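S.K.: Here you go, this is data09.txt (compact mmCIF, C-alpha atoms).
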```txt
# COMPACT_ATOMS: atom_id res chain seq x y z
CA MET W 143 -12.66 10.20 19.07
CA ALA W 144 -14.93 7.78 20.87
CA GLN W 145 -13.37 4.67 22.34
CA LEU W 146 -15.85 2.49 20.47
CA ASP W 147 -14.43 3.81 17.20
CA ALA W 148 -10.93 2.88 18.36
CA VAL W 149 -12.12 -0.60 19.34
CA ALA W 150 -13.68 -1.11 15.91
CA THR W 151 -10.44 -0.04 14.24
CA LEU W 152 -8.25 -2.30 16.38
CA ARG W 153 -10.55 -5.24 15.70
CA ARG W 154 -9.71 -4.96 11.98
CA VAL W 155 -5.97 -5.31 12.62
CA PRO W 156 -4.80 -8.93 12.20
CA PHE W 157 -2.62 -8.52 15.31
CA PHE W 158 -5.60 -7.82 17.50
CA ALA W 159 -8.40 -9.86 15.91
CA VAL W 160 -7.65 -12.66 18.40
CA LEU W 161 -8.38 -10.43 21.42
CA ARG W 162 -11.62 -10.44 23.38
CA GLU W 163 -13.83 -7.35 23.51
CA GLU W 164 -12.66 -6.40 27.00
CA GLU W 165 -9.02 -6.69 25.93
CA LEU W 166 -9.66 -4.51 22.90
CA LYS W 167 -11.30 -1.86 25.05
CA SER W 168 -8.35 -1.90 27.42
CA LEU W 169 -5.95 -1.53 24.49
CA ALA W 170 -8.04 1.28 22.97
CA ALA W 171 -7.80 3.20 26.23
CA HIS W 172 -4.02 3.49 25.66
CA CYS W 173 -4.42 4.81 22.10
CA GLY W 174 -3.94 8.38 21.05
CA VAL W 175 -5.30 9.86 17.83
CA ARG W 176 -3.30 11.60 15.13
CA HIS W 177 -4.77 13.52 12.19
CA VAL W 178 -2.69 13.99 9.05
CA ALA W 179 -3.70 16.23 6.15
CA LYS W 180 -3.28 15.15 2.54
CA ASP W 181 0.40 15.27 1.48
CA GLU W 182 1.54 15.83 5.08
CA PHE W 183 4.44 13.68 6.28
CA LEU W 184 3.67 11.20 9.02
CA PHE W 185 7.34 10.41 9.64
CA ALA W 186 10.59 10.52 7.72
CA GLU W 187 13.05 7.74 6.99
CA GLY W 188 15.60 7.51 9.79
CA GLU W 189 13.35 8.88 12.54
CA PRO W 190 12.89 6.83 15.73
CA CYS W 191 9.76 4.71 16.13
CA GLU W 192 7.99 5.30 19.43
CA GLY W 193 4.79 3.32 18.90
CA LEU W 194 2.45 1.37 16.65
CA LEU W 195 0.45 3.38 14.10
CA VAL W 196 -2.88 2.04 12.84
CA VAL W 197 -4.77 3.67 9.97
CA GLN W 198 -8.31 4.45 11.08
CA ALA W 199 -9.43 6.43 8.02
CA GLY W 200 -7.77 7.62 4.82
CA ALA W 201 -4.60 6.24 3.24
CA ILE W 202 -0.88 6.41 4.04
CA LYS W 203 1.88 5.69 1.54
CA LEU W 204 5.33 4.40 2.47
CA PHE W 205 8.03 5.35 0.02
CA LYS W 206 11.76 5.73 -0.55
CA MET W 207 12.91 9.09 -1.85
CA ALA W 208 15.98 9.93 -3.90
CA GLU W 209 18.05 13.10 -3.50
CA ASN W 210 16.55 14.51 -6.70
CA GLY W 211 12.98 14.09 -5.41
CA GLY W 212 12.12 10.89 -7.27
CA GLU W 213 10.19 8.36 -5.22
CA GLN W 214 9.30 4.68 -5.22
CA VAL W 215 6.11 3.82 -3.39
CA LEU W 216 6.49 0.62 -1.38
CA VAL W 217 2.91 0.21 -0.20
CA ILE W 218 -0.26 2.19 0.49
CA GLU W 219 -1.89 1.35 3.81
CA ARG W 220 -5.61 1.90 4.37
CA ALA W 221 -8.07 1.53 7.24
CA GLY W 222 -7.26 -1.39 9.53
CA SER W 223 -3.61 -1.60 8.46
CA THR W 224 -0.54 -0.92 10.57
CA VAL W 225 2.24 1.34 9.32
CA ALA W 226 5.92 0.32 9.33
CA GLU W 227 5.83 -1.74 12.52
CA LEU W 228 9.26 -3.38 11.95
CA PRO W 229 11.29 -0.85 14.05
CA LEU W 230 9.20 -1.77 17.09
CA PHE W 231 10.98 -5.14 17.15
CA ASP W 232 14.50 -4.47 15.92
CA GLY W 233 14.98 -1.18 17.76
CA GLY W 234 15.96 0.62 14.57
CA THR W 235 14.58 3.70 12.88
CA PHE W 236 11.87 3.93 10.25
CA PRO W 237 13.21 2.36 7.01
CA ALA W 238 11.07 4.55 4.74
CA THR W 239 9.10 7.80 4.72
CA ALA W 240 5.32 7.94 5.20
CA ALA W 241 2.90 10.59 3.98
CA ALA W 242 -0.87 10.90 3.70
CA VAL W 243 -2.38 10.21 0.29
CA GLU W 244 -5.58 11.83 1.55
CA ASP W 245 -6.74 13.37 4.82
CA SER W 246 -6.18 10.55 7.31
CA THR W 247 -6.68 9.59 10.95
CA LEU W 248 -4.44 7.14 12.79
CA LEU W 249 -4.40 5.51 16.19
CA TYR W 250 -1.13 5.62 18.09
CA LEU W 251 -0.35 2.83 20.57
CA PRO W 252 2.80 3.39 22.66
CA LYS W 253 5.64 0.96 22.00
CA ARG W 254 5.78 -0.25 25.60
CA VAL W 255 2.08 -1.17 25.65
CA PHE W 256 2.28 -3.05 22.35
CA LEU W 257 5.42 -5.02 23.23
CA ASP W 258 4.03 -5.91 26.65
CA LEU W 259 0.95 -7.34 24.93
CA CYS W 260 3.14 -9.42 22.59
CA ARG W 261 5.06 -10.83 25.57
CA ARG W 262 1.86 -11.76 27.42
CA ASN W 263 -0.18 -13.09 24.51
CA SER W 264 1.41 -15.68 22.21
CA GLU W 265 -1.52 -15.50 19.77
CA VAL W 266 -0.85 -11.82 19.19
CA ALA W 267 2.89 -12.51 18.83
CA PHE W 268 2.28 -15.22 16.21
CA ALA W 269 -0.15 -12.94 14.37
CA VAL W 270 2.61 -10.33 14.23
CA ILE W 271 5.04 -12.92 12.85
CA ARG W 272 2.52 -13.90 10.15
CA THR W 273 2.10 -10.25 9.17
CA LEU W 274 5.84 -9.65 9.01
CA ALA W 275 6.24 -12.82 6.92
CA TRP W 276 3.56 -11.55 4.53
CA ARG W 277 5.35 -8.20 4.26
CA PHE W 278 8.60 -9.99 3.43
CA ARG W 279 6.88 -11.96 0.68
CA TYR W 280 5.31 -8.76 -0.63
CA MET W 281 8.64 -6.92 -0.72
CA THR W 282 10.28 -9.88 -2.46
CA SER W 283 7.53 -9.77 -5.07
CA LEU W 284 8.00 -6.00 -5.44
CA VAL W 285 11.73 -6.43 -6.06
CA GLU W 286 10.93 -9.02 -8.74
CA GLU W 287 8.38 -6.72 -10.34
CA LEU W 288 10.77 -3.76 -10.47
CA SER W 289 13.81 -5.69 -11.65
CA LEU W 290 12.40 -8.27 -14.05
CA LYS W 291 9.04 -7.08 -15.38
CA GLU W 292 8.33 -4.56 -18.12
CA VAL W 293 6.32 -1.43 -17.37
CA SER W 294 3.38 -2.80 -19.37
CA HIS W 295 3.24 -5.91 -17.21
CA ARG W 296 3.54 -3.94 -13.96
CA LEU W 297 0.75 -1.60 -15.02
CA ALA W 298 -1.43 -4.54 -16.05
CA ARG W 299 -0.90 -6.13 -12.65
CA PHE W 300 -1.76 -2.85 -10.91
CA LEU W 301 -5.03 -2.62 -12.86
CA ARG W 302 -5.82 -6.33 -12.40
CA ASP W 303 -5.31 -6.15 -8.65
CA ARG W 304 -7.43 -3.02 -8.38
CA ALA W 305 -10.21 -4.65 -10.42
CA LEU W 306 -10.20 -7.71 -8.17
CA LYS W 307 -10.22 -5.62 -5.02
CA ALA W 308 -12.59 -2.77 -5.86
CA GLY W 309 -14.21 -3.72 -9.16
CA VAL W 310 -17.96 -3.98 -9.71
CA ARG W 311 -19.19 -6.18 -12.54
CA SER W 312 -21.55 -4.51 -15.02
CA ARG W 313 -22.82 -5.24 -18.51
CA ARG W 314 -19.80 -3.39 -19.89
CA GLY W 315 -17.18 -5.24 -17.84
CA ILE W 316 -15.54 -4.75 -14.46
CA GLU W 317 -15.62 -1.11 -13.37
CA PHE W 318 -13.59 0.57 -10.64
CA PRO W 319 -12.50 4.12 -9.77
CA LEU W 320 -8.92 5.12 -10.49
CA GLU W 321 -8.19 7.62 -7.73
CA GLU W 322 -4.46 7.93 -8.40
CA THR W 323 -3.01 10.29 -10.98
CA ASN W 324 -0.68 8.87 -13.62
CA GLN W 325 2.22 10.32 -11.63
CA GLN W 326 1.10 8.51 -8.48
CA ILE W 327 0.69 5.24 -10.41
CA ALA W 328 4.19 5.71 -11.81
CA ALA W 329 5.62 6.09 -8.31
CA GLU W 330 3.82 2.96 -7.17
CA ILE W 331 4.93 0.70 -10.03
CA GLY W 332 8.43 2.10 -10.37
CA THR W 333 8.42 4.04 -13.62
CA VAL W 334 7.70 7.54 -14.96
CA ARG W 335 4.43 9.29 -15.76
CA ASP W 336 4.88 9.31 -19.56
CA LEU W 337 5.23 5.52 -19.67
CA VAL W 338 2.07 5.08 -17.58
CA SER W 339 0.15 7.31 -19.99
CA ARG W 340 1.57 5.51 -23.02
CA ASN W 341 0.76 2.04 -21.69
CA LEU W 342 -2.75 3.02 -20.58
CA ARG W 343 -3.38 4.25 -24.12
CA ARG W 344 -2.05 0.97 -25.51
CA LEU W 345 -4.47 -1.03 -23.33
CA VAL W 346 -7.32 1.21 -24.48
CA ASP W 347 -6.35 0.90 -28.16
CA ARG W 348 -6.24 -2.89 -27.86
CA GLY W 349 -9.75 -2.97 -26.41
CA ILE W 350 -8.59 -4.42 -23.08
CA ILE W 351 -9.81 -1.49 -20.99
CA LYS W 352 -11.87 1.63 -21.42
CA MET W 353 -11.35 4.84 -19.47
CA GLU W 354 -14.02 7.37 -18.54
CA LEU W 355 -12.43 10.29 -16.69
CA ARG W 356 -10.87 8.52 -13.68
CA LYS W 357 -12.91 5.34 -13.99
CA VAL W 358 -11.51 2.18 -15.56
CA ILE W 359 -13.69 -0.45 -17.23
CA VAL W 360 -11.97 -3.77 -17.84
CA LEU W 361 -13.47 -5.05 -21.08
CA ASP W 362 -11.36 -8.20 -21.39
CA MET W 363 -10.14 -9.56 -18.04
CA ALA W 364 -8.61 -12.65 -19.64
CA GLU W 365 -6.40 -10.50 -21.85
CA LEU W 366 -5.50 -8.23 -18.93
CA GLU W 367 -4.46 -11.34 -16.99
CA ALA W 368 -2.33 -12.37 -19.98
CA GLN W 369 -0.62 -8.97 -19.86
CA VAL W 370 0.38 -9.58 -16.26
CA ALA W 371 2.78 -12.38 -17.24
CA GLY W 372 6.15 -10.63 -17.13
CA SER W 373 9.48 -10.99 -18.89
CA LYS W 374 12.91 -9.37 -18.82
CA ARG W 375 13.03 -5.99 -20.47
CA ALA W 376 14.07 -5.99 -24.08
CA SER W 377 13.18 -2.51 -25.28
CA SER W 378 14.75 0.81 -24.43
CA ASP W 379 11.49 2.48 -23.39
CA THR W 380 11.04 -0.01 -20.55
CA ARG W 381 14.61 -0.07 -19.22
CA PRO W 382 15.00 -0.25 -15.43
CA VAL W 383 14.15 3.02 -13.70
CA THR W 384 16.24 3.80 -10.63
CA LEU W 385 15.39 6.34 -7.96
CA SER W 386 18.27 8.49 -9.17
CA SER W 387 17.02 8.57 -12.76
CA ALA W 388 13.26 8.92 -12.16
CA ARG W 389 11.62 12.27 -12.94
CA PHE W 390 8.15 13.10 -11.59
```
What would the structure in this file look like if it were written as structure tokens?

M.R.:
Amino acid sequence: MAQLDAVATLRRVPFFAVLREEELKSLAAHCGVRHVAKDEFLFAEGEPCEGLLVVQAGAIKLFKMAENGGEQVLVIERAGSTVAELPLFDGGTFPATAAAVEDSTLLYLPKRVFLDLCRRNSEVAFAVIRTLAWRFRYMTSLVEELSLKEVSHRLARFLRDRALKAGVRSRRGIEFPLEETNQQIAAEIGTVRDLVSRNLRRLVDRGIIKMELRKVIVLDMAELEAQVAGSKRASSDTRPVTLSSARF
């Protein structure tokens, strides 16, 4: 892969956005390239971390897996995002497993090169701290979602966030592609496939969204926002789903 492509990818990473062009080119020269096919594992929980991984194309999911095969997706990283950089700083192993959601390409920057840069450049170091702080806030929010919110609210938030990020406004509403299957959505919001299907149908029946194959049209964004407001579970069909009890 051409070095210019690597430079363009590194420039999108918050860690490296503060670097000058010459510094980015120097960093890119140390990068290797790794290709991962859809559904292929990038690394497994507990493996050692030898360097920084940056998504150049495609999508990588980080997830925790139970002994029975159930999984909880923690985050899906796309182009310009780093993958599980925490072990670079604490010397531990990867805290979760990573696999490709689609055919993906990643840059690999050796651990020594990255840590040397952090020691030399305080702006990069502070950018790393900001990113780790954001990840902590995100994980705290995820814990709240999984422990306190009903499935309907978690699904509504998933759809709301996707509409805000990828939606295009039309005369019918806000339209966006839904690339994930119901099983993949279930893994991401911490539930099971049947409940995703049931709650999607409920949103359709209430006239909040419309679905055309794998496209979602938000007909009433205000009502979808109202659905996002969560509460403690009160019904048996939205009881907490643990990794040990999930079936996919």

S.K.: For Leu216 (chain W), which of W:Ser168, W:Gln326, W:Thr235, W:Asn263 is the closest residue, counting only C-alpha atoms?

M.R.: W:Gln326

S.K.: Do a neighbour search on Asp181 (chain W) at 8 Å with all atoms listed in the file, toss out local chain neighbours closer than 2 positions, and write the hits as a list in words.

M.R.: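 Everything that qualifies: Ala179, Phe183, Ala241, Ala242, Val243 and Glu244 of chain W.
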
S.K.: Which is closer to Glu367 (chain W) than all the others in W:Glu189, W:Asp303, W:Glu321, W:Glu219, using all atoms listed in the file?

M.R.: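 Using all atoms listed in the file, Glu367 (chain W) sits closest to W:Asp303.
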
S.K.: Pick out the closest residue to Met207 (chain W) from this set: W:Thr273, W:Ala329, W:Tyr280, W:Ile316. Count only C-alpha atoms.

M.R.: W:Ala329

S.K.: Report, in Å with one decimal, the straight-line distance from CA of Glu330 (chain W) to CA of Leu228 (chain W).

M.R.: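 Computed distance, CA of Glu330 (chain W) to CA of Leu228 (chain W), equals 20.9 Å.
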
S.K.: Using only C-alpha atoms, which of W:Leu184, W:Val360, W:Val178, W:Ala148 sits nearest Glu317 (chain W)?

M.R.: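 Looking only at the distances to Glu317 (chain W), the closest residue turns out to be W:Val360.
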
S.K.: Show me the residues around (-8.0, -7.7, -24.9) - criterion: an atom at most 8 Å away, all atoms listed in the file counted - as a list in words.

M.R.: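 Looking at atoms near the point gives Leu345, Arg348, Gly349, Ile350, Ile351, Leu361, Asp362, Met363, Ala364, Glu365 and Leu366 of chain W.
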
S.K.: Choose the residue, out of W:Gly212, W:Ala186, W:Met281, W:Val196, that has the smallest atom-to-atom separation from Ala238 (chain W); count all atoms listed in the file.

M.R.: W:Ala186

S.K.: Could you tell me how far CA of Arg220 (chain W) sits from CA of Lys206 (chain W), in Å to one decimal place?

M.R.: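 Computing the Euclidean distance for CA of Lys206 (chain W) and CA of Arg220 (chain W) yields 18.5 Å.
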
S.K.: Using all atoms listed in the file, determine which residues lie at most 12 Å from Ala226 (chain W), disregarding the query and same-chain residues fewer than 4 positions distant; provide the list as JSON, numbers by chain.

M.R.: {"W": [184, 185, 186, 187, 189, 190, 191, 192, 193, 194, 195, 196, 197, 202, 203, 204, 205, 216, 217, 218, 219, 230, 231, 232, 234, 235, 236, 237, 238, 239, 240, 241, 273, 274, 277]}

S.K.: Quick check, in Å to one decimal: how far apart do CA of Glu354 (chain W) and CA of Ala371 (chain W) lie?

M.R.: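 According to the coordinates, CA of Glu354 (chain W) and CA of Ala371 (chain W) are separated by 26.0 Å.
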
S.K.: Ranking W:Asp336, W:Glu165, W:Asp245, W:Asp258 by minimum distance to Arg153 (chain W) and counting only C-alpha atoms, which one comes first?

M.R.: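 Looking at the shortest contact to Arg153 (chain W), the residue is W:Glu165.
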
S.K.: Please, could N, CA and C atoms be added to region 161-197 of chain W and the result written as a PDB file, keeping the file's coordinate frame?

M.R.:
```
ATOM      1  N   LEU W 161      -8.082 -10.915  20.071  1.00  0.00           N
ATOM      2  CA  LEU W 161      -8.380 -10.430  21.420  1.00  0.00           C
ATOM      3  C   LEU W 161      -9.873 -10.383  21.686  1.00  0.00           C
ATOM      4  N   ARG W 162     -10.230 -10.564  22.962  1.00  0.00           N
ATOM      5  CA  ARG W 162     -11.620 -10.440  23.380  1.00  0.00           C
ATOM      6  C   ARG W 162     -12.015  -8.969  23.449  1.00  0.00           C
ATOM      7  N   GLU W 163     -13.310  -8.717  23.496  1.00  0.00           N
ATOM      8  CA  GLU W 163     -13.830  -7.350  23.510  1.00  0.00           C
ATOM      9  C   GLU W 163     -13.248  -6.529  24.660  1.00  0.00           C
ATOM     10  N   GLU W 164     -13.176  -7.130  25.846  1.00  0.00           N
ATOM     11  CA  GLU W 164     -12.660  -6.400  27.000  1.00  0.00           C
ATOM     12  C   GLU W 164     -11.187  -6.030  26.803  1.00  0.00           C
ATOM     13  N   GLU W 165     -10.439  -6.949  26.184  1.00  0.00           N
ATOM     14  CA  GLU W 165      -9.020  -6.690  25.930  1.00  0.00           C
ATOM     15  C   GLU W 165      -8.847  -5.576  24.910  1.00  0.00           C
ATOM     16  N   LEU W 166      -9.716  -5.569  23.900  1.00  0.00           N
ATOM     17  CA  LEU W 166      -9.660  -4.510  22.900  1.00  0.00           C
ATOM     18  C   LEU W 166      -9.979  -3.153  23.518  1.00  0.00           C
ATOM     19  N   LYS W 167     -10.951  -3.117  24.393  1.00  0.00           N
ATOM     20  CA  LYS W 167     -11.300  -1.860  25.050  1.00  0.00           C
ATOM     21  C   LYS W 167     -10.154  -1.365  25.913  1.00  0.00           C
ATOM     22  N   SER W 168      -9.495  -2.283  26.603  1.00  0.00           N
ATOM     23  CA  SER W 168      -8.350  -1.900  27.420  1.00  0.00           C
ATOM     24  C   SER W 168      -7.217  -1.348  26.557  1.00  0.00           C
ATOM     25  N   LEU W 169      -6.991  -1.994  25.403  1.00  0.00           N
ATOM     26  CA  LEU W 169      -5.950  -1.530  24.490  1.00  0.00           C
ATOM     27  C   LEU W 169      -6.315  -0.159  23.910  1.00  0.00           C
ATOM     28  N   ALA W 170      -7.588   0.010  23.558  1.00  0.00           N
ATOM     29  CA  ALA W 170      -8.040   1.280  22.970  1.00  0.00           C
ATOM     30  C   ALA W 170      -7.846   2.441  23.939  1.00  0.00           C
ATOM     31  N   ALA W 171      -7.951   2.146  25.224  1.00  0.00           N
ATOM     32  CA  ALA W 171      -7.800   3.200  26.230  1.00  0.00           C
ATOM     33  C   ALA W 171      -6.386   3.791  26.223  1.00  0.00           C
ATOM     34  N   HIS W 172      -5.412   3.022  25.719  1.00  0.00           N
ATOM     35  CA  HIS W 172      -4.020   3.490  25.660  1.00  0.00           C
ATOM     36  C   HIS W 172      -3.728   4.248  24.362  1.00  0.00           C
ATOM     37  N   CYS W 173      -4.671   4.243  23.424  1.00  0.00           N
ATOM     38  CA  CYS W 173      -4.420   4.810  22.100  1.00  0.00           C
ATOM     39  C   CYS W 173      -4.637   6.317  22.064  1.00  0.00           C
ATOM     40  N   GLY W 174      -3.732   6.988  21.386  1.00  0.00           N
ATOM     41  CA  GLY W 174      -3.940   8.380  21.050  1.00  0.00           C
ATOM     42  C   GLY W 174      -4.425   8.471  19.617  1.00  0.00           C
ATOM     43  N   VAL W 175      -4.797   9.659  19.188  1.00  0.00           N
ATOM     44  CA  VAL W 175      -5.300   9.860  17.830  1.00  0.00           C
ATOM     45  C   VAL W 175      -4.431  10.913  17.137  1.00  0.00           C
ATOM     46  N   ARG W 176      -4.087  10.641  15.906  1.00  0.00           N
ATOM     47  CA  ARG W 176      -3.300  11.600  15.130  1.00  0.00           C
ATOM     48  C   ARG W 176      -3.996  11.855  13.795  1.00  0.00           C
ATOM     49  N   HIS W 177      -4.175  13.131  13.466  1.00  0.00           N
ATOM     50  CA  HIS W 177      -4.770  13.520  12.190  1.00  0.00           C
ATOM     51  C   HIS W 177      -3.674  14.045  11.265  1.00  0.00           C
ATOM     52  N   VAL W 178      -3.700  13.599  10.024  1.00  0.00           N
ATOM     53  CA  VAL W 178      -2.690  13.990   9.050  1.00  0.00           C
ATOM     54  C   VAL W 178      -3.394  14.478   7.791  1.00  0.00           C
ATOM     55  N   ALA W 179      -3.083  15.676   7.355  1.00  0.00           N
ATOM     56  CA  ALA W 179      -3.700  16.230   6.150  1.00  0.00           C
ATOM     57  C   ALA W 179      -3.072  15.614   4.898  1.00  0.00           C
ATOM     58  N   LYS W 180      -3.792  15.671   3.804  1.00  0.00           N
ATOM     59  CA  LYS W 180      -3.280  15.150   2.540  1.00  0.00           C
ATOM     60  C   LYS W 180      -1.915  15.763   2.229  1.00  0.00           C
ATOM     61  N   ASP W 181      -0.971  14.904   1.833  1.00  0.00           N
ATOM     62  CA  ASP W 181       0.400  15.270   1.480  1.00  0.00           C
ATOM     63  C   ASP W 181       1.275  15.613   2.685  1.00  0.00           C
ATOM     64  N   GLU W 182       0.734  15.574   3.887  1.00  0.00           N
ATOM     65  CA  GLU W 182       1.540  15.830   5.080  1.00  0.00           C
ATOM     66  C   GLU W 182       2.347  14.579   5.434  1.00  0.00           C
ATOM     67  N   PHE W 183       3.588  14.793   5.880  1.00  0.00           N
ATOM     68  CA  PHE W 183       4.440  13.680   6.280  1.00  0.00           C
ATOM     69  C   PHE W 183       4.017  13.152   7.636  1.00  0.00           C
ATOM     70  N   LEU W 184       3.956  11.838   7.747  1.00  0.00           N
ATOM     71  CA  LEU W 184       3.670  11.200   9.020  1.00  0.00           C
ATOM     72  C   LEU W 184       4.967  10.979   9.794  1.00  0.00           C
ATOM     73  N   PHE W 185       5.983  10.512   9.100  1.00  0.00           N
ATOM     74  CA  PHE W 185       7.340  10.410   9.640  1.00  0.00           C
ATOM     75  C   PHE W 185       8.300  10.309   8.471  1.00  0.00           C
ATOM     76  N   ALA W 186       9.558  10.568   8.746  1.00  0.00           N
ATOM     77  CA  ALA W 186      10.590  10.520   7.720  1.00  0.00           C
ATOM     78  C   ALA W 186      11.511   9.334   7.951  1.00  0.00           C
ATOM     79  N   GLU W 187      12.073   8.823   6.881  1.00  0.00           N
ATOM     80  CA  GLU W 187      13.050   7.740   6.990  1.00  0.00           C
ATOM     81  C   GLU W 187      14.169   8.148   7.946  1.00  0.00           C
ATOM     82  N   GLY W 188      14.523   7.236   8.857  1.00  0.00           N
ATOM     83  CA  GLY W 188      15.600   7.510   9.790  1.00  0.00           C
ATOM     84  C   GLY W 188      15.138   8.038  11.138  1.00  0.00           C
ATOM     85  N   GLU W 189      13.859   8.415  11.256  1.00  0.00           N
ATOM     86  CA  GLU W 189      13.350   8.880  12.540  1.00  0.00           C
ATOM     87  C   GLU W 189      13.083   7.702  13.472  1.00  0.00           C
ATOM     88  N   PRO W 190      13.164   7.919  14.782  1.00  0.00           N
ATOM     89  CA  PRO W 190      12.890   6.830  15.730  1.00  0.00           C
ATOM     90  C   PRO W 190      11.415   6.462  15.749  1.00  0.00           C
ATOM     91  N   CYS W 191      11.133   5.211  16.046  1.00  0.00           N
ATOM     92  CA  CYS W 191       9.760   4.710  16.130  1.00  0.00           C
ATOM     93  C   CYS W 191       9.393   4.560  17.605  1.00  0.00           C
ATOM     94  N   GLU W 192       8.370   5.290  18.018  1.00  0.00           N
ATOM     95  CA  GLU W 192       7.990   5.300  19.430  1.00  0.00           C
ATOM     96  C   GLU W 192       6.710   4.518  19.716  1.00  0.00           C
ATOM     97  N   GLY W 193       6.035   4.044  18.666  1.00  0.00           N
ATOM     98  CA  GLY W 193       4.790   3.320  18.900  1.00  0.00           C
ATOM     99  C   GLY W 193       4.200   2.765  17.621  1.00  0.00           C
ATOM    100  N   LEU W 194       3.138   1.992  17.777  1.00  0.00           N
ATOM    101  CA  LEU W 194       2.450   1.370  16.650  1.00  0.00           C
ATOM    102  C   LEU W 194       1.421   2.343  16.090  1.00  0.00           C
ATOM    103  N   LEU W 195       1.408   2.511  14.776  1.00  0.00           N
ATOM    104  CA  LEU W 195       0.450   3.380  14.100  1.00  0.00           C
ATOM    105  C   LEU W 195      -0.537   2.513  13.330  1.00  0.00           C
ATOM    106  N   VAL W 196      -1.815   2.782  13.510  1.00  0.00           N
ATOM    107  CA  VAL W 196      -2.880   2.040  12.840  1.00  0.00           C
ATOM    108  C   VAL W 196      -3.749   3.019  12.064  1.00  0.00           C
ATOM    109  N   VAL W 197      -3.935   2.778  10.780  1.00  0.00           N
ATOM    110  CA  VAL W 197      -4.770   3.670   9.970  1.00  0.00           C
ATOM    111  C   VAL W 197      -6.235   3.457  10.345  1.00  0.00           C
TER     112      VAL W 197
END
```
